[in-house]
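Visitor: Structure file my_file-v1.cif (mmCIF, C-alpha atoms) is given on the next line.
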data_structure
loop_
_atom_site.label_atom_id
_atom_site.label_comp_id
_atom_site.auth_asym_id
_atom_site.auth_seq_id
_atom_site.Cartn_x
_atom_site.Cartn_y
_atom_site.Cartn_z
CA MET A 1 77.32 77.76 6.42
CA ARG A 2 78.72 74.59 7.91
CA ARG A 3 76.37 75.01 10.83
CA PHE A 4 73.40 75.45 8.48
CA ARG A 5 74.38 72.36 6.48
CA GLY A 6 74.69 70.36 9.68
CA SER A 7 71.33 71.53 10.90
CA LEU A 8 69.66 70.86 7.54
CA GLY A 9 71.18 67.40 7.36
CA PHE A 10 69.97 66.59 10.86
CA TRP A 11 66.40 67.61 10.18
CA THR A 12 66.31 65.83 6.82
CA ALA A 13 67.57 62.63 8.44
CA LEU A 14 65.03 62.96 11.23
CA PHE A 15 62.19 63.48 8.75
CA ALA A 16 63.31 60.48 6.67
CA LEU A 17 63.50 58.25 9.74
CA THR A 18 60.08 59.39 10.98
CA TRP A 19 58.61 58.71 7.55
CA LEU A 20 60.22 55.30 7.35
CA PHE A 21 59.35 54.00 10.79
CA ALA A 22 56.32 55.93 11.99
CA LEU A 23 54.32 56.65 8.87
CA ASP A 24 55.21 54.14 6.21
CA ALA A 25 55.48 51.16 8.51
CA ALA A 26 52.11 51.75 10.20
CA PRO A 27 49.19 50.07 8.46
CA ALA A 28 46.69 52.34 6.75
CA LEU A 29 43.51 52.77 8.78
CA ALA A 30 40.69 50.52 7.67
CA GLY A 31 37.62 52.39 6.63
CA LEU A 32 34.08 51.60 5.65
CA ALA A 33 33.20 51.82 2.00
CA SER A 34 30.75 54.71 2.18
CA SER A 35 27.08 54.49 1.21
CA ARG A 36 26.37 54.51 -2.49
CA VAL A 37 23.47 55.25 -4.78
CA THR A 38 22.12 52.52 -7.01
CA GLY A 39 22.94 54.45 -10.17
CA ALA A 40 19.48 53.60 -11.46
CA THR A 41 17.87 56.92 -10.59
CA ALA A 42 18.66 60.63 -10.84
CA ILE A 43 17.77 61.40 -7.21
CA VAL A 44 20.39 63.53 -5.48
CA SER A 45 18.13 65.44 -3.09
CA ALA A 46 14.84 65.18 -1.25
CA ARG A 47 13.39 67.65 -3.76
CA ASP A 48 14.10 65.24 -6.63
CA ALA A 49 12.22 62.48 -4.80
CA ASP A 50 9.28 64.81 -4.08
CA LEU A 51 9.13 65.81 -7.74
CA ILE A 52 8.94 62.16 -8.79
CA ALA A 53 6.20 61.46 -6.24
CA VAL A 54 4.08 64.38 -7.46
CA GLN A 55 4.64 63.56 -11.14
CA ARG A 56 3.48 59.99 -10.51
CA ALA A 57 0.39 61.25 -8.68
CA LEU A 58 -0.43 63.47 -11.66
CA GLU A 59 -0.51 60.34 -13.81
CA ASN A 60 -3.59 59.24 -11.85
CA LYS A 61 -6.51 59.49 -14.28
CA VAL A 62 -9.11 60.59 -11.73
CA LEU A 63 -6.84 63.29 -10.33
CA ALA A 64 -5.98 64.55 -13.82
CA GLN A 65 -9.68 64.69 -14.71
CA LYS A 66 -10.58 66.51 -11.47
CA LEU A 67 -7.89 69.10 -12.15
CA ARG A 68 -9.20 69.56 -15.71
CA ASP A 69 -12.68 70.06 -14.26
CA TYR A 70 -11.27 72.98 -12.28
CA GLY A 71 -9.60 74.41 -15.37
CA VAL A 72 -6.08 73.26 -14.56
CA ALA A 73 -4.21 71.04 -17.00
CA PRO A 74 -1.85 68.50 -15.39
CA GLY A 75 0.89 69.82 -17.71
CA GLU A 76 0.34 73.27 -16.23
CA VAL A 77 0.86 71.83 -12.74
CA GLU A 78 4.05 70.08 -13.83
CA ALA A 79 5.37 73.35 -15.24
CA ARG A 80 4.57 75.08 -11.96
CA LEU A 81 6.35 72.40 -9.89
CA ALA A 82 9.80 73.76 -10.78
CA SER A 83 9.03 77.09 -9.15
CA LEU A 84 7.54 75.65 -5.96
CA THR A 85 9.57 75.93 -2.77
CA ASP A 86 10.98 72.72 -1.28
CA ALA A 87 8.48 72.95 1.58
CA ASP A 88 5.44 73.35 -0.71
CA LEU A 89 6.62 70.56 -2.96
CA HIS A 90 7.07 68.31 0.06
CA VAL A 91 3.50 69.04 1.23
CA LEU A 92 2.23 68.08 -2.21
CA ALA A 93 4.36 64.93 -2.34
CA SER A 94 3.27 63.90 1.15
CA SER A 95 -0.39 64.29 0.17
CA SER A 96 0.11 62.16 -2.93
CA LYS A 97 1.50 59.29 -0.86
CA GLY A 98 -2.01 58.51 0.35
CA LEU A 99 -3.21 57.34 -3.05
CA PRO A 100 -4.05 53.63 -2.91
CA SER A 101 -2.08 51.46 -5.31
CA GLY A 102 -5.21 49.57 -6.30
CA GLY A 103 -8.67 51.05 -6.10
CA ASP A 104 -10.90 48.25 -7.23
CA ASP A 105 -12.79 47.67 -4.01
CA ALA A 106 -15.12 50.10 -2.28
CA LEU A 107 -12.78 51.10 0.53
CA GLY A 108 -9.89 51.69 -1.89
CA THR A 109 -12.10 53.87 -4.07
CA ILE A 110 -13.31 55.92 -1.09
CA ILE A 111 -9.76 56.49 0.15
CA ALA A 112 -8.57 57.34 -3.37
CA LEU A 113 -11.37 59.88 -3.77
CA LEU A 114 -10.65 61.49 -0.39
CA VAL A 115 -6.94 61.74 -1.17
CA ILE A 116 -7.69 63.13 -4.62
CA VAL A 117 -9.95 65.81 -3.10
CA VAL A 118 -7.15 66.81 -0.73
CA LEU A 119 -4.60 66.76 -3.54
CA VAL A 120 -6.78 68.88 -5.82
CA MET A 121 -7.23 71.40 -3.00
CA VAL A 122 -3.49 71.52 -2.30
CA ILE A 123 -2.64 71.88 -5.99
CA LEU A 124 -5.23 74.63 -6.52
CA LYS A 125 -3.90 76.47 -3.46
CA LEU A 126 -0.30 76.18 -4.62
CA MET A 127 -1.30 77.47 -8.04
CA ASP A 128 -3.08 80.44 -6.46
CA LYS A 129 -6.44 79.33 -7.87
CA LYS A 130 -9.70 79.74 -6.03
CA VAL A 131 -12.85 77.69 -6.27
CA VAL A 132 -15.89 79.95 -6.18
CA ILE A 133 -19.25 78.33 -5.53
CA LYS A 134 -22.14 80.31 -7.03
CA MET B 135 -15.30 52.88 36.63
CA THR B 136 -12.04 50.99 37.17
CA GLY B 137 -13.57 47.95 35.45
CA TRP B 138 -14.46 50.05 32.44
CA ARG B 139 -10.94 51.48 32.28
CA ALA B 140 -9.45 48.00 32.38
CA ALA B 141 -11.81 46.81 29.67
CA ARG B 142 -11.19 49.82 27.41
CA ARG B 143 -8.15 48.44 25.63
CA PRO B 144 -9.54 44.97 24.85
CA ALA B 145 -12.77 46.61 23.70
CA ALA B 146 -10.88 48.91 21.37
CA ALA B 147 -8.88 45.97 20.02
CA LEU B 148 -12.10 44.02 19.43
CA ALA B 149 -13.69 46.98 17.69
CA LEU B 150 -10.66 47.33 15.41
CA LEU B 151 -10.70 43.60 14.67
CA ALA B 152 -14.40 43.77 13.82
CA LEU B 153 -13.76 46.77 11.56
CA PHE B 154 -10.97 44.98 9.67
CA ALA B 155 -12.95 41.75 9.47
CA GLY B 156 -15.78 43.71 7.88
CA CYS B 157 -13.53 44.94 5.10
CA SER B 158 -13.30 42.70 2.08
CA ARG B 159 -9.55 43.36 1.95
CA PHE B 160 -6.94 45.78 3.17
CA VAL B 161 -6.14 48.81 1.08
CA ILE B 162 -2.46 49.16 0.31
CA LEU B 163 -1.53 52.80 0.12
CA ASN B 164 0.62 53.81 -2.77
CA ASP B 165 4.34 54.25 -2.26
CA PRO B 166 5.27 56.51 -5.15
CA LEU B 167 8.98 55.65 -5.05
CA THR B 168 10.72 52.49 -6.17
CA ALA B 169 13.22 50.64 -3.97
CA ALA B 170 16.17 52.18 -5.84
CA GLU B 171 14.67 55.66 -5.46
CA HIS B 172 14.21 55.16 -1.71
CA ASN B 173 17.84 54.06 -1.45
CA ASP B 174 19.15 57.03 -3.41
CA LEU B 175 17.03 59.41 -1.36
CA GLY B 176 18.54 57.78 1.74
CA VAL B 177 22.04 58.47 0.43
CA ALA B 178 21.05 62.11 -0.14
CA TYR B 179 19.77 62.36 3.45
CA GLU B 180 22.88 60.65 4.80
CA ALA B 181 25.13 63.04 2.89
CA GLY B 182 23.06 65.90 4.29
CA GLY B 183 23.67 64.76 7.87
CA LYS B 184 20.18 63.33 8.45
CA PRO B 185 20.84 59.71 9.49
CA GLU B 186 17.35 59.09 10.89
CA LEU B 187 15.67 60.08 7.63
CA ALA B 188 18.29 58.08 5.72
CA LYS B 189 17.52 55.00 7.83
CA ARG B 190 13.80 55.40 7.14
CA GLU B 191 14.48 55.48 3.41
CA TYR B 192 16.82 52.47 3.44
CA ARG B 193 14.19 50.53 5.37
CA ALA B 194 11.51 51.59 2.88
CA ALA B 195 13.80 50.44 0.06
CA LEU B 196 14.27 47.05 1.73
CA LYS B 197 10.56 46.75 2.35
CA ARG B 198 9.96 47.14 -1.38
CA ASP B 199 12.90 44.97 -2.36
CA PRO B 200 14.46 42.87 0.43
CA HIS B 201 17.26 41.84 -1.95
CA LEU B 202 18.46 45.36 -2.71
CA VAL B 203 22.07 44.87 -1.60
CA ARG B 204 22.97 48.56 -1.88
CA ALA B 205 20.29 49.56 0.66
CA ARG B 206 21.34 46.74 3.01
CA VAL B 207 24.99 47.85 2.98
CA ASN B 208 23.98 51.50 3.41
CA LEU B 209 21.78 50.60 6.39
CA GLY B 210 24.76 48.74 7.87
CA ASN B 211 26.88 51.84 7.38
CA LEU B 212 24.43 53.90 9.43
CA GLU B 213 24.58 51.35 12.25
CA ALA B 214 28.38 51.33 12.06
CA ALA B 215 28.53 55.11 12.10
CA ALA B 216 26.55 55.03 15.34
CA GLY B 217 29.01 52.51 16.80
CA ARG B 218 26.49 49.66 16.66
CA TRP B 219 28.85 47.13 15.13
CA GLN B 220 26.75 44.04 15.75
CA PRO B 221 23.66 45.20 13.83
CA ALA B 222 26.02 46.54 11.18
CA GLU B 223 27.62 43.11 10.92
CA GLY B 224 24.15 41.58 10.51
CA CYS B 225 23.37 43.93 7.63
CA TYR B 226 26.63 43.19 5.81
CA ARG B 227 26.21 39.43 6.29
CA ARG B 228 22.69 39.60 4.90
CA ALA B 229 23.92 41.67 1.95
CA LEU B 230 26.56 39.03 1.22
CA ARG B 231 23.91 36.34 1.22
CA ASP B 232 22.26 38.14 -1.67
CA ALA B 233 25.48 39.20 -3.40
CA PRO B 234 28.45 37.09 -2.21
CA ASN B 235 30.99 39.11 -4.20
CA ASP B 236 29.85 42.63 -3.34
CA ALA B 237 33.18 44.31 -2.57
CA ASP B 238 31.73 47.02 -0.32
CA ALA B 239 29.88 44.44 1.78
CA LEU B 240 33.02 42.26 2.00
CA ASN B 241 35.16 45.22 3.06
CA ASN B 242 32.67 46.61 5.54
CA LEU B 243 32.05 43.23 7.16
CA ALA B 244 35.81 42.90 7.58
CA VAL B 245 35.88 46.33 9.24
CA ALA B 246 32.94 45.40 11.50
CA LEU B 247 34.75 42.25 12.66
CA LEU B 248 37.98 44.18 13.12
CA ARG B 249 36.32 46.83 15.25
CA GLN B 250 34.73 44.12 17.40
CA GLY B 251 38.16 42.48 17.72
CA ARG B 252 37.01 39.02 16.71
CA SER B 253 37.05 36.55 13.82
CA LEU B 254 40.15 38.22 12.42
CA ALA B 255 40.93 35.24 10.18
CA GLU B 256 37.52 35.64 8.57
CA ALA B 257 38.07 39.41 8.36
CA GLU B 258 41.34 38.84 6.49
CA SER B 259 39.68 36.44 4.08
CA LEU B 260 36.88 38.95 3.44
CA ALA B 261 39.26 41.86 2.94
CA THR B 262 41.40 39.73 0.59
CA ARG B 263 38.34 38.98 -1.52
CA ALA B 264 37.41 42.68 -1.56
CA VAL B 265 40.90 43.60 -2.77
CA ALA B 266 40.78 40.87 -5.41
CA SER B 267 37.54 42.31 -6.78
CA GLY B 268 39.32 45.66 -7.26
CA GLY B 269 37.26 48.56 -8.51
CA GLU B 270 37.32 52.26 -7.82
CA ARG B 271 37.52 51.74 -4.06
CA ASP B 272 40.58 49.57 -4.24
CA SER B 273 42.59 51.82 -1.90
CA VAL B 274 39.88 51.54 0.80
CA TYR B 275 39.88 47.73 0.57
CA ARG B 276 43.71 47.60 0.67
CA ALA B 277 43.76 49.79 3.78
CA THR B 278 41.33 47.40 5.47
CA LEU B 279 43.40 44.36 4.52
CA SER B 280 46.54 46.06 5.79
CA GLU B 281 44.97 46.88 9.16
CA VAL B 282 43.44 43.42 9.57
CA ARG B 283 46.83 41.82 8.89
CA ALA B 284 48.48 44.15 11.38
CA ALA B 285 45.86 43.26 13.99
CA ARG B 286 46.46 39.55 13.45
CA ARG B 287 50.20 39.84 14.03
#
Please rewrite the model in this file as structure tokens.

Guide:
Amino acid sequence: MRRFRGSLGFWTALFALTWLFALDAAPALAGLASSRVTGATAIVSARDADLIAVQRALENKVLAQKLRDYGVAPGEVEARLASLTDADLHVLASSSKGLPSGGDDALGTIIALLVIVVLVMVILKLMDKKVVIK
Amino acid sequence: MTGWRAARRPAAALALLALFAGCSRFVILNDPLTAAEHNDLGVAYEAGGKPELAKREYRAALKRDPHLVRARVNLGNLEAAAGRWQPAEGCYRRALRDAPNDADALNNLAVALLRQGRSLAEAESLATRAVASGGERDSVYRATLSEVRAARR
């Protein structure tokens, strides 16, 4: 028992000394404050960002009208977005990035129309719709 | 044949110039995301272990809003994580120009100086200011101040 007490006392003292001199006395390691979000958006994944990009593209009047012409309501597309795979959604979002921010001049209009054609095709494909020319 | 090859590049450049000159104005393609959204997407990529994609998003955020301090600090963090302390320092300094009391930028600039082993007096002053600003990352800022002080001894 005396031997045990002696041994326990020794190890306790050693631990206390180590704590005092080696751990507590050493300065804490400086670290970078990690990257933060702005707190202004709800984006926590690439999918969230793709969803926003597609939803903004669907707000384009010409695109919405083209989709309606093919019998697809933009609301229907939005409802379908949730069930799209990440890869499909990314394809759609990437296509929508080509829309010009202003389309007043001739070149802007041409590019917008081309992008809209591509977007309509991608959306119709993702919604399993087919365009039949008779 | 060799002459034609040598003249190919200038000819192509001239053709491009003529094409652009013919346009009434350039068409700016739509970026569907705001600066804050680009930054937050960058954080998501960084957390997912995709630093290159994160860097692209932080740069896109800064292109849309050069004064977005959060994106500037985050870009600095990517440089620091790759061991490129000098560009990281540049990012933090620029962030502090836009927001002189941003605690993360103060702390991280102090760390950047500490890791480069220079301007330790400035590093201490920065870390002291970060600690004084407090906030949820107080323990991080205190650890930096403690290490800077130890390095100065």

Visitor: Give the answer as one residue: which of A:Asp86, A:Ala112, A:Leu8, A:Leu81 has the shortest atom-to-atom distance to Ser45 in chain A, using all atoms listed in the file?

Guide: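 Distance minimum relative to Ser45 in chain A lands on A:Asp86.
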
Visitor: CA of Met127 in chain A and CA of Ala42 in chain A are how many Å apart?

Guide: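 Between CA of Met127 in chain A and CA of Ala42 in chain A the gap works out to 26.3 Å.
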
Visitor: Which neighbours of Ala239 in chain B fall inside 12 Å, counting all atoms listed in the file, when residues of the same chain fewer than 2 positions from it are skipped, and could you give them as a ChimeraX atom specification?

Guide: /A:32-36 /B:203-211,222-237,241-246,257,260-261,263-265,267,275

Visitor: Take the residues that were just selected and, keeping C-alpha atoms, output them as a compact mmCIF listing (two decimals), in the coordinates of the input.

Guide:
# COMPACT_ATOMS: atom_id res chain seq x y z
CA LEU A 32 34.08 51.60 5.65
CA ALA A 33 33.20 51.82 2.00
CA SER A 34 30.75 54.71 2.18
CA SER A 35 27.08 54.49 1.21
CA ARG A 36 26.37 54.51 -2.49
CA VAL B 203 22.07 44.87 -1.60
CA ARG B 204 22.97 48.56 -1.88
CA ALA B 205 20.29 49.56 0.66
CA ARG B 206 21.34 46.74 3.01
CA VAL B 207 24.99 47.85 2.98
CA ASN B 208 23.98 51.50 3.41
CA LEU B 209 21.78 50.60 6.39
CA GLY B 210 24.76 48.74 7.87
CA ASN B 211 26.88 51.84 7.38
CA ALA B 222 26.02 46.54 11.18
CA GLU B 223 27.62 43.11 10.92
CA GLY B 224 24.15 41.58 10.51
CA CYS B 225 23.37 43.93 7.63
CA TYR B 226 26.63 43.19 5.81
CA ARG B 227 26.21 39.43 6.29
CA ARG B 228 22.69 39.60 4.90
CA ALA B 229 23.92 41.67 1.95
CA LEU B 230 26.56 39.03 1.22
CA ARG B 231 23.91 36.34 1.22
CA ASP B 232 22.26 38.14 -1.67
CA ALA B 233 25.48 39.20 -3.40
CA PRO B 234 28.45 37.09 -2.21
CA ASN B 235 30.99 39.11 -4.20
CA ASP B 236 29.85 42.63 -3.34
CA ALA B 237 33.18 44.31 -2.57
CA ASN B 241 35.16 45.22 3.06
CA ASN B 242 32.67 46.61 5.54
CA LEU B 243 32.05 43.23 7.16
CA ALA B 244 35.81 42.90 7.58
CA VAL B 245 35.88 46.33 9.24
CA ALA B 246 32.94 45.40 11.50
CA ALA B 257 38.07 39.41 8.36
CA LEU B 260 36.88 38.95 3.44
CA ALA B 261 39.26 41.86 2.94
CA ARG B 263 38.34 38.98 -1.52
CA ALA B 264 37.41 42.68 -1.56
CA VAL B 265 40.90 43.60 -2.77
CA SER B 267 37.54 42.31 -6.78
CA TYR B 275 39.88 47.73 0.57

Visitor: List the residues selected by the PyMOL selection byres ((chain B) within 6 of (chain A)) in the file shown, writing them as a ChimeraX atom specification.

Guide: /B:161-166,174,178,208,238,242,277-278,280-281

Visitor: Those residues with C-alpha atoms, as an mmCIF file, keeping the file's coordinate frame please?

Guide:
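For reference, again_38.cif as written:
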data_model
loop_
_atom_site.group_PDB
_atom_site.id
_atom_site.type_symbol
_atom_site.label_atom_id
_atom_site.label_comp_id
_atom_site.auth_asym_id
_atom_site.auth_seq_id
_atom_site.Cartn_x
_atom_site.Cartn_y
_atom_site.Cartn_z
ATOM 1 C CA VAL B 161 -6.140 48.810 1.080
ATOM 2 C CA ILE B 162 -2.460 49.160 0.310
ATOM 3 C CA LEU B 163 -1.530 52.800 0.120
ATOM 4 C CA ASN B 164 0.620 53.810 -2.770
ATOM 5 C CA ASP B 165 4.340 54.250 -2.260
ATOM 6 C CA PRO B 166 5.270 56.510 -5.150
ATOM 7 C CA ASP B 174 19.150 57.030 -3.410
ATOM 8 C CA ALA B 178 21.050 62.110 -0.140
ATOM 9 C CA ASN B 208 23.980 51.500 3.410
ATOM 10 C CA ASP B 238 31.730 47.020 -0.320
ATOM 11 C CA ASN B 242 32.670 46.610 5.540
ATOM 12 C CA ALA B 277 43.760 49.790 3.780
ATOM 13 C CA THR B 278 41.330 47.400 5.470
ATOM 14 C CA SER B 280 46.540 46.060 5.790
ATOM 15 C CA GLU B 281 44.970 46.880 9.160
#

Visitor: If you measure from CA of Thr168 in chain B to CA of Ile110 in chain A, what distance in Å do you get, rounded to one decimal?

Guide: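 Here the two named atoms are 24.8 Å from each other.
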
Visitor: What does the structure give for the distance between CA of Gln220 in chain B and CA of Leu240 in chain B, in Å to one decimal?

Guide: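 The value is 15.2 Å.
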
Visitor: So that I can check the surroundings of Val120 in chain A, please list as a list of chain:residue names every protein, DNA and RNA residue that reaches within 9 Å of it, counting only C-alpha atoms and ignoring chain neighbours fewer than 3 positions away.

Guide: A:Leu63, A:Lys66, A:Leu67, A:Tyr70, A:Val115, A:Ile116, A:Val117, A:Ile123, A:Leu124, A:Lys125

Visitor: Tell me which protein, DNA and RNA residues are within 12 Å of Ser83 in chain A, counting all atoms listed in the file, leaving out same-chain ones fewer than 5 positions away, and put them as JSON, numbers by chain.

Guide: {"A": [47, 51, 76, 77, 78, 88, 89, 126, 127]}
